[in-house]
>>> print(open('entry.cif').read())   # mmCIF, N, CA and C atoms
data_query
#
loop_
_atom_site.label_atom_id
_atom_site.label_comp_id
_atom_site.auth_asym_id
_atom_site.auth_seq_id
_atom_site.Cartn_x
_atom_site.Cartn_y
_atom_site.Cartn_z
N MET D 1 6.08 146.05 169.38
CA MET D 1 7.23 146.73 168.85
C MET D 1 6.77 148.08 168.28
N ASN D 2 7.45 149.15 168.69
CA ASN D 2 7.05 150.46 168.18
C ASN D 2 7.67 150.70 166.80
N ASP D 3 7.31 151.82 166.20
CA ASP D 3 7.73 152.11 164.82
C ASP D 3 9.25 152.20 164.69
N ILE D 4 9.89 152.84 165.65
CA ILE D 4 11.34 152.99 165.57
C ILE D 4 12.03 151.64 165.67
N GLU D 5 11.58 150.79 166.58
CA GLU D 5 12.16 149.45 166.71
C GLU D 5 11.97 148.66 165.42
N LYS D 6 10.81 148.81 164.81
CA LYS D 6 10.54 148.10 163.56
C LYS D 6 11.47 148.59 162.44
N VAL D 7 11.65 149.89 162.34
CA VAL D 7 12.54 150.44 161.32
C VAL D 7 13.96 149.92 161.52
N VAL D 8 14.41 149.91 162.76
CA VAL D 8 15.76 149.41 163.06
C VAL D 8 15.86 147.93 162.71
N LYS D 9 14.87 147.15 163.12
CA LYS D 9 14.88 145.71 162.85
C LYS D 9 14.90 145.42 161.36
N ILE D 10 14.02 146.07 160.61
CA ILE D 10 13.97 145.85 159.16
C ILE D 10 15.26 146.34 158.51
N GLY D 11 15.80 147.44 159.01
CA GLY D 11 17.07 147.95 158.47
C GLY D 11 18.20 146.95 158.63
N ILE D 12 18.27 146.34 159.80
CA ILE D 12 19.31 145.33 160.04
C ILE D 12 19.07 144.10 159.17
N LEU D 13 17.83 143.65 159.12
CA LEU D 13 17.50 142.51 158.25
C LEU D 13 17.86 142.82 156.80
N PHE D 14 17.55 144.03 156.36
CA PHE D 14 17.85 144.43 154.99
C PHE D 14 19.36 144.45 154.73
N ASP D 15 20.14 144.91 155.72
CA ASP D 15 21.60 144.90 155.57
C ASP D 15 22.12 143.48 155.38
N PHE D 16 21.55 142.54 156.10
CA PHE D 16 22.03 141.15 156.02
C PHE D 16 21.48 140.41 154.81
N TYR D 17 20.22 140.60 154.50
CA TYR D 17 19.55 139.77 153.51
C TYR D 17 19.01 140.52 152.30
N GLY D 18 19.22 141.80 152.22
CA GLY D 18 18.66 142.60 151.14
C GLY D 18 19.00 142.12 149.75
N GLU D 19 20.20 141.61 149.58
CA GLU D 19 20.62 141.13 148.26
C GLU D 19 19.83 139.91 147.80
N LEU D 20 19.11 139.28 148.71
CA LEU D 20 18.31 138.11 148.35
C LEU D 20 16.90 138.50 147.86
N LEU D 21 16.58 139.77 147.97
CA LEU D 21 15.29 140.26 147.48
C LEU D 21 15.38 140.52 145.97
N THR D 22 14.22 140.65 145.35
CA THR D 22 14.22 141.03 143.94
C THR D 22 14.66 142.48 143.81
N VAL D 23 15.01 142.88 142.61
CA VAL D 23 15.43 144.26 142.36
C VAL D 23 14.33 145.23 142.80
N LYS D 24 13.10 144.93 142.44
CA LYS D 24 11.96 145.80 142.79
C LYS D 24 11.79 145.86 144.31
N GLN D 25 11.86 144.72 144.98
CA GLN D 25 11.71 144.70 146.44
C GLN D 25 12.82 145.51 147.10
N LYS D 26 14.05 145.34 146.63
CA LYS D 26 15.18 146.09 147.20
C LYS D 26 14.96 147.58 147.05
N LYS D 27 14.53 148.00 145.86
CA LYS D 27 14.33 149.43 145.61
C LYS D 27 13.25 150.00 146.52
N VAL D 28 12.12 149.30 146.61
CA VAL D 28 11.00 149.77 147.42
C VAL D 28 11.38 149.81 148.89
N VAL D 29 11.99 148.76 149.39
CA VAL D 29 12.38 148.71 150.81
C VAL D 29 13.42 149.79 151.11
N SER D 30 14.37 149.97 150.23
CA SER D 30 15.39 151.00 150.43
C SER D 30 14.76 152.39 150.48
N LEU D 31 13.87 152.66 149.54
CA LEU D 31 13.21 153.97 149.54
C LEU D 31 12.37 154.17 150.80
N TYR D 32 11.67 153.13 151.20
CA TYR D 32 10.75 153.24 152.34
C TYR D 32 11.49 153.33 153.67
N TYR D 33 12.46 152.46 153.87
CA TYR D 33 13.14 152.42 155.18
C TYR D 33 14.40 153.27 155.24
N ASP D 34 15.21 153.24 154.19
CA ASP D 34 16.48 153.98 154.24
C ASP D 34 16.28 155.46 153.91
N GLU D 35 15.45 155.74 152.89
CA GLU D 35 15.27 157.11 152.44
C GLU D 35 14.05 157.79 153.05
N ASP D 36 13.23 157.03 153.80
CA ASP D 36 12.05 157.55 154.49
C ASP D 36 11.01 158.15 153.54
N TYR D 37 10.89 157.56 152.36
CA TYR D 37 9.85 157.97 151.43
C TYR D 37 8.52 157.41 151.91
N SER D 38 7.45 158.11 151.62
CA SER D 38 6.11 157.60 151.93
C SER D 38 5.69 156.63 150.83
N LEU D 39 4.65 155.87 151.11
CA LEU D 39 4.12 154.95 150.10
C LEU D 39 3.71 155.72 148.85
N GLY D 40 3.07 156.87 149.03
CA GLY D 40 2.65 157.69 147.90
C GLY D 40 3.82 158.21 147.08
N GLU D 41 4.88 158.64 147.75
CA GLU D 41 6.06 159.13 147.03
C GLU D 41 6.72 158.02 146.22
N ILE D 42 6.81 156.83 146.81
CA ILE D 42 7.39 155.70 146.09
C ILE D 42 6.50 155.34 144.90
N SER D 43 5.22 155.37 145.13
CA SER D 43 4.26 155.08 144.07
C SER D 43 4.47 156.01 142.87
N GLU D 44 4.58 157.29 143.13
CA GLU D 44 4.81 158.26 142.06
C GLU D 44 6.15 158.05 141.38
N LEU D 45 7.17 157.83 142.17
CA LEU D 45 8.53 157.67 141.63
C LEU D 45 8.64 156.44 140.73
N LEU D 46 8.07 155.33 141.17
CA LEU D 46 8.20 154.08 140.43
C LEU D 46 7.05 153.82 139.47
N LYS D 47 6.09 154.73 139.46
CA LYS D 47 4.93 154.62 138.56
C LYS D 47 4.16 153.32 138.77
N ILE D 48 3.93 153.01 140.04
CA ILE D 48 3.10 151.86 140.41
C ILE D 48 2.09 152.33 141.45
N SER D 49 1.07 151.53 141.68
CA SER D 49 0.03 151.96 142.62
C SER D 49 0.56 151.97 144.05
N ARG D 50 -0.08 152.77 144.86
CA ARG D 50 0.26 152.83 146.29
C ARG D 50 0.06 151.46 146.92
N GLN D 51 -0.99 150.75 146.51
CA GLN D 51 -1.26 149.40 147.03
C GLN D 51 -0.14 148.45 146.66
N ALA D 52 0.39 148.57 145.45
CA ALA D 52 1.51 147.71 145.02
C ALA D 52 2.75 147.98 145.87
N VAL D 53 2.97 149.24 146.20
CA VAL D 53 4.11 149.60 147.07
C VAL D 53 3.91 148.97 148.44
N TYR D 54 2.71 149.15 149.00
CA TYR D 54 2.40 148.59 150.32
C TYR D 54 2.60 147.07 150.31
N ASP D 55 2.05 146.40 149.31
CA ASP D 55 2.17 144.95 149.22
C ASP D 55 3.63 144.51 149.10
N THR D 56 4.39 145.25 148.34
CA THR D 56 5.81 144.92 148.16
C THR D 56 6.57 145.08 149.47
N VAL D 57 6.30 146.14 150.20
CA VAL D 57 6.95 146.37 151.50
C VAL D 57 6.61 145.23 152.45
N LYS D 58 5.33 144.91 152.57
CA LYS D 58 4.91 143.86 153.50
C LYS D 58 5.48 142.50 153.11
N ARG D 59 5.47 142.19 151.82
CA ARG D 59 6.01 140.91 151.35
C ARG D 59 7.51 140.83 151.63
N ALA D 60 8.22 141.92 151.36
CA ALA D 60 9.67 141.95 151.60
C ALA D 60 9.98 141.80 153.08
N GLU D 61 9.19 142.47 153.94
CA GLU D 61 9.39 142.34 155.38
C GLU D 61 9.26 140.87 155.80
N LYS D 62 8.23 140.21 155.33
CA LYS D 62 8.02 138.80 155.68
C LYS D 62 9.17 137.93 155.19
N ILE D 63 9.64 138.21 153.99
CA ILE D 63 10.76 137.44 153.43
C ILE D 63 12.02 137.64 154.27
N LEU D 64 12.32 138.89 154.61
CA LEU D 64 13.51 139.18 155.41
C LEU D 64 13.44 138.50 156.77
N ILE D 65 12.28 138.55 157.40
CA ILE D 65 12.10 137.90 158.70
C ILE D 65 12.27 136.39 158.57
N SER D 66 11.74 135.82 157.51
CA SER D 66 11.84 134.36 157.34
C SER D 66 13.28 133.93 157.09
N TYR D 67 14.07 134.77 156.38
CA TYR D 67 15.49 134.45 156.19
C TYR D 67 16.21 134.38 157.53
N GLU D 68 15.94 135.35 158.40
CA GLU D 68 16.61 135.34 159.71
C GLU D 68 16.16 134.15 160.54
N GLU D 69 14.88 133.81 160.48
CA GLU D 69 14.39 132.65 161.23
C GLU D 69 15.07 131.37 160.77
N LYS D 70 15.39 131.28 159.49
CA LYS D 70 16.02 130.07 158.95
C LYS D 70 17.53 130.09 159.10
N LEU D 71 18.16 131.24 158.89
CA LEU D 71 19.62 131.30 158.83
C LEU D 71 20.29 131.82 160.10
N ASN D 72 19.58 132.63 160.86
CA ASN D 72 20.10 133.19 162.12
C ASN D 72 21.43 133.92 161.98
N LEU D 73 21.66 134.58 160.86
CA LEU D 73 22.93 135.27 160.67
C LEU D 73 23.10 136.45 161.61
N ILE D 74 22.03 137.16 161.87
CA ILE D 74 22.13 138.31 162.78
C ILE D 74 22.42 137.83 164.19
N GLU D 75 21.74 136.80 164.61
CA GLU D 75 21.98 136.24 165.94
C GLU D 75 23.43 135.77 166.06
N LYS D 76 23.94 135.11 165.04
CA LYS D 76 25.34 134.63 165.06
C LYS D 76 26.30 135.81 165.07
N PHE D 77 26.00 136.85 164.29
CA PHE D 77 26.84 138.03 164.24
C PHE D 77 26.91 138.69 165.61
N GLU D 78 25.76 138.85 166.26
CA GLU D 78 25.72 139.49 167.58
C GLU D 78 26.47 138.66 168.61
N SER D 79 26.36 137.35 168.51
CA SER D 79 27.07 136.47 169.43
C SER D 79 28.59 136.61 169.23
N ARG D 80 29.01 136.59 167.98
CA ARG D 80 30.44 136.75 167.70
C ARG D 80 30.95 138.11 168.15
N ASP D 81 30.13 139.13 167.96
CA ASP D 81 30.50 140.47 168.39
C ASP D 81 30.75 140.49 169.90
N LYS D 82 29.91 139.79 170.65
CA LYS D 82 30.07 139.72 172.10
C LYS D 82 31.40 139.05 172.45
N TYR D 83 31.73 137.96 171.77
CA TYR D 83 32.99 137.27 172.03
C TYR D 83 34.20 138.14 171.66
N ILE D 84 34.11 138.85 170.56
CA ILE D 84 35.21 139.70 170.14
C ILE D 84 35.44 140.82 171.16
N ARG D 85 34.35 141.38 171.68
CA ARG D 85 34.48 142.41 172.72
C ARG D 85 35.16 141.82 173.96
N ARG D 86 34.79 140.60 174.30
CA ARG D 86 35.39 139.93 175.46
C ARG D 86 36.90 139.72 175.24
N ILE D 87 37.27 139.32 174.04
CA ILE D 87 38.70 139.13 173.72
C ILE D 87 39.44 140.45 173.84
N PHE D 88 38.87 141.51 173.28
CA PHE D 88 39.51 142.82 173.34
C PHE D 88 39.70 143.27 174.79
N GLU D 89 38.66 143.12 175.60
CA GLU D 89 38.77 143.50 177.01
C GLU D 89 39.82 142.64 177.72
N GLY D 90 39.87 141.37 177.39
CA GLY D 90 40.85 140.48 178.00
C GLY D 90 42.27 140.86 177.63
N ILE D 91 42.48 141.23 176.39
CA ILE D 91 43.81 141.65 175.95
C ILE D 91 44.25 142.90 176.72
N GLU D 92 43.32 143.84 176.87
CA GLU D 92 43.64 145.04 177.65
C GLU D 92 44.00 144.68 179.09
N LYS D 93 43.25 143.73 179.64
CA LYS D 93 43.50 143.30 181.02
C LYS D 93 44.88 142.66 181.15
N VAL D 94 45.24 141.83 180.20
CA VAL D 94 46.56 141.18 180.22
C VAL D 94 47.65 142.23 180.09
N GLN D 95 47.45 143.18 179.17
CA GLN D 95 48.45 144.23 179.00
C GLN D 95 48.68 145.00 180.29
N ASN D 96 47.59 145.28 181.00
CA ASN D 96 47.70 146.04 182.24
C ASN D 96 48.30 145.23 183.38
N SER D 97 48.11 143.93 183.39
CA SER D 97 48.55 143.14 184.54
C SER D 97 49.83 142.34 184.29
N ILE D 98 50.33 142.33 183.08
CA ILE D 98 51.48 141.48 182.77
C ILE D 98 52.72 141.88 183.57
N GLN D 99 52.88 143.16 183.85
CA GLN D 99 54.04 143.62 184.60
C GLN D 99 53.89 143.36 186.10
N THR D 100 52.68 143.48 186.61
CA THR D 100 52.48 143.42 188.06
C THR D 100 52.03 142.05 188.55
N ASP D 101 51.29 141.31 187.74
CA ASP D 101 50.73 140.05 188.21
C ASP D 101 50.76 139.03 187.08
N LYS D 102 51.91 138.40 186.92
CA LYS D 102 52.13 137.46 185.81
C LYS D 102 51.14 136.30 185.86
N ASP D 103 50.84 135.76 187.05
CA ASP D 103 49.91 134.63 187.16
C ASP D 103 48.51 135.03 186.68
N ASN D 104 48.06 136.20 187.07
CA ASN D 104 46.75 136.68 186.64
C ASN D 104 46.72 136.86 185.12
N ALA D 105 47.81 137.36 184.57
CA ALA D 105 47.89 137.54 183.12
C ALA D 105 47.80 136.21 182.40
N LEU D 106 48.48 135.19 182.93
CA LEU D 106 48.42 133.86 182.32
C LEU D 106 47.02 133.26 182.42
N ASP D 107 46.36 133.47 183.53
CA ASP D 107 44.97 133.00 183.68
C ASP D 107 44.06 133.68 182.65
N GLU D 108 44.26 134.95 182.49
CA GLU D 108 43.43 135.69 181.54
C GLU D 108 43.69 135.22 180.12
N LEU D 109 44.93 134.89 179.81
CA LEU D 109 45.23 134.35 178.47
C LEU D 109 44.52 133.01 178.25
N GLU D 110 44.46 132.19 179.27
CA GLU D 110 43.72 130.92 179.17
C GLU D 110 42.24 131.18 178.91
N ASN D 111 41.69 132.18 179.61
CA ASN D 111 40.28 132.54 179.38
C ASN D 111 40.07 133.00 177.94
N LEU D 112 40.99 133.78 177.43
CA LEU D 112 40.88 134.25 176.06
C LEU D 112 40.96 133.10 175.06
N LYS D 113 41.78 132.12 175.35
CA LYS D 113 41.83 130.94 174.49
C LYS D 113 40.48 130.23 174.46
N ASP D 114 39.82 130.15 175.62
CA ASP D 114 38.50 129.53 175.67
C ASP D 114 37.47 130.30 174.85
N VAL D 115 37.54 131.62 174.93
CA VAL D 115 36.64 132.45 174.14
C VAL D 115 36.88 132.21 172.65
N CYS D 116 38.13 132.16 172.26
CA CYS D 116 38.45 131.88 170.85
C CYS D 116 37.93 130.52 170.40
N LYS D 117 38.01 129.54 171.27
CA LYS D 117 37.48 128.20 170.93
C LYS D 117 35.97 128.28 170.68
N GLU D 118 35.27 129.08 171.47
CA GLU D 118 33.82 129.25 171.26
C GLU D 118 33.55 129.90 169.91
N LEU D 119 34.36 130.87 169.55
CA LEU D 119 34.18 131.54 168.26
C LEU D 119 34.41 130.60 167.10
N LEU D 120 35.31 129.67 167.27
CA LEU D 120 35.66 128.75 166.19
C LEU D 120 34.68 127.60 166.02
N LYS D 121 33.76 127.46 166.96
CA LYS D 121 32.77 126.37 166.86
C LYS D 121 31.85 126.58 165.69
#
>>> encode(input="entry.cif", output="structure tokens")
Amino acid sequence: MNDIEKVVKIGILFDFYGELLTVKQKKVVSLYYDEDYSLGEISELLKISRQAVYDTVKRAEKILISYEEKLNLIEKFESRDKYIRRIFEGIEKVQNSIQTDKDNALDELENLKDVCKELLK
């Protein structure tokens, strides 16, 4: 995983699980990933050693990753997002075909019901 992918991954994990970190971990991770501060800049700002900043970042990363491994909220969110997009596309399809092909529109509505059932599981 390259640096950009890691920043994106940690950013998403932080959005989902950041509130579960300690106040210090949240501050350090936010400064490092959201504000793009260097370890040295965070060290000066928070009056802690550069090593303490590094350790806090690494510990928080591990914690965030472990939360996703246990809870899978991001995976569930992405799955639901896919279903919602499918429903939206289906609604557009029904709207376009309801005047010209009533049977096709009814079939598409049945498909949308199935998608909704998957979301409700």
>>> residues_around(input="entry.cif", residues="Ile42 (chain D)", least_positions_apart="6", cutoff="8 Å", atoms="all atoms listed in the file", output="mmCIF file with N, CA and C atoms, keeping the file's coordinate frame")
data_model
loop_
_atom_site.group_PDB
_atom_site.id
_atom_site.type_symbol
_atom_site.label_atom_id
_atom_site.label_comp_id
_atom_site.auth_asym_id
_atom_site.auth_seq_id
_atom_site.Cartn_x
_atom_site.Cartn_y
_atom_site.Cartn_z
ATOM 1 N N VAL D 28 12.120 149.300 146.610
ATOM 2 C CA VAL D 28 11.000 149.770 147.420
ATOM 3 C C VAL D 28 11.380 149.810 148.890
ATOM 4 N N LEU D 31 13.870 152.660 149.540
ATOM 5 C CA LEU D 31 13.210 153.970 149.540
ATOM 6 C C LEU D 31 12.370 154.170 150.800
ATOM 7 N N TYR D 32 11.670 153.130 151.200
ATOM 8 C CA TYR D 32 10.750 153.240 152.340
ATOM 9 C C TYR D 32 11.490 153.330 153.670
ATOM 10 N N ILE D 48 3.930 153.010 140.040
ATOM 11 C CA ILE D 48 3.100 151.860 140.410
ATOM 12 C C ILE D 48 2.090 152.330 141.450
ATOM 13 N N SER D 49 1.070 151.530 141.680
ATOM 14 C CA SER D 49 0.030 151.960 142.620
ATOM 15 C C SER D 49 0.560 151.970 144.050
ATOM 16 N N ARG D 50 -0.080 152.770 144.860
ATOM 17 C CA ARG D 50 0.260 152.830 146.290
ATOM 18 C C ARG D 50 0.060 151.460 146.920
ATOM 19 N N VAL D 53 2.970 149.240 146.200
ATOM 20 C CA VAL D 53 4.110 149.600 147.070
ATOM 21 C C VAL D 53 3.910 148.970 148.440
#
>>> residues_around(input="entry.cif", residues="region 105-107 of chain D", least_positions_apart="5", cutoff="8 Å", atoms="all atoms listed in the file", output="list of chain:residue names")
D:Lys93, D:Val94, D:Gln95, D:Asn96, D:Ser97, D:Ile98, D:Gln99, D:Thr100, D:Leu112, D:Lys113
>>> residues_near_point(input="entry.cif", point="(9.1, 141.7, 149.9)", cutoff="8 Å", atoms="all atoms listed in the file", output="list in words")
Leu21, Thr22, Lys24, Gln25, Lys26, Val29, Asp55, Thr56, Val57, Lys58, Arg59, Ala60, Glu61, Lys62, Ile63 and Leu64 of chain D
>>> closest_residue(input="entry.cif", among="D:Asp103, D:Glu118, D:Glu41, D:Asp34", to="Val8 (chain D)", atoms="only C-alpha atoms")
D:Asp34
>>> residues_around(input="entry.cif", residues="Asn72 (chain D)", least_positions_apart="6", cutoff="12 Å", atoms="only C-alpha atoms", output="ChimeraX atom specification")
/D:13,16-17,64-66,78-79
>>> atom_distance(input="entry.cif", atom1="CA of Leu71 (chain D)", atom2="atom N of Tyr37 (chain D)")
28.4 Å
>>> resolve_selection(input="entry.cif", expression="the PyMOL selection byres (((chain D and resi 116 and name CA) around 12) and name CA)", output="ChimeraX atom specification")
/D:80-88,90,109-115,117-121
>>> atom_distance(input="entry.cif", atom1="CA of Val23 (chain D)", atom2="CA of Met1 (chain D)")
27.8 Å
>>> atom_distance(input="entry.cif", atom1="atom N of Glu35 (chain D)", atom2="CA of Lys76 (chain D)")
26.3 Å
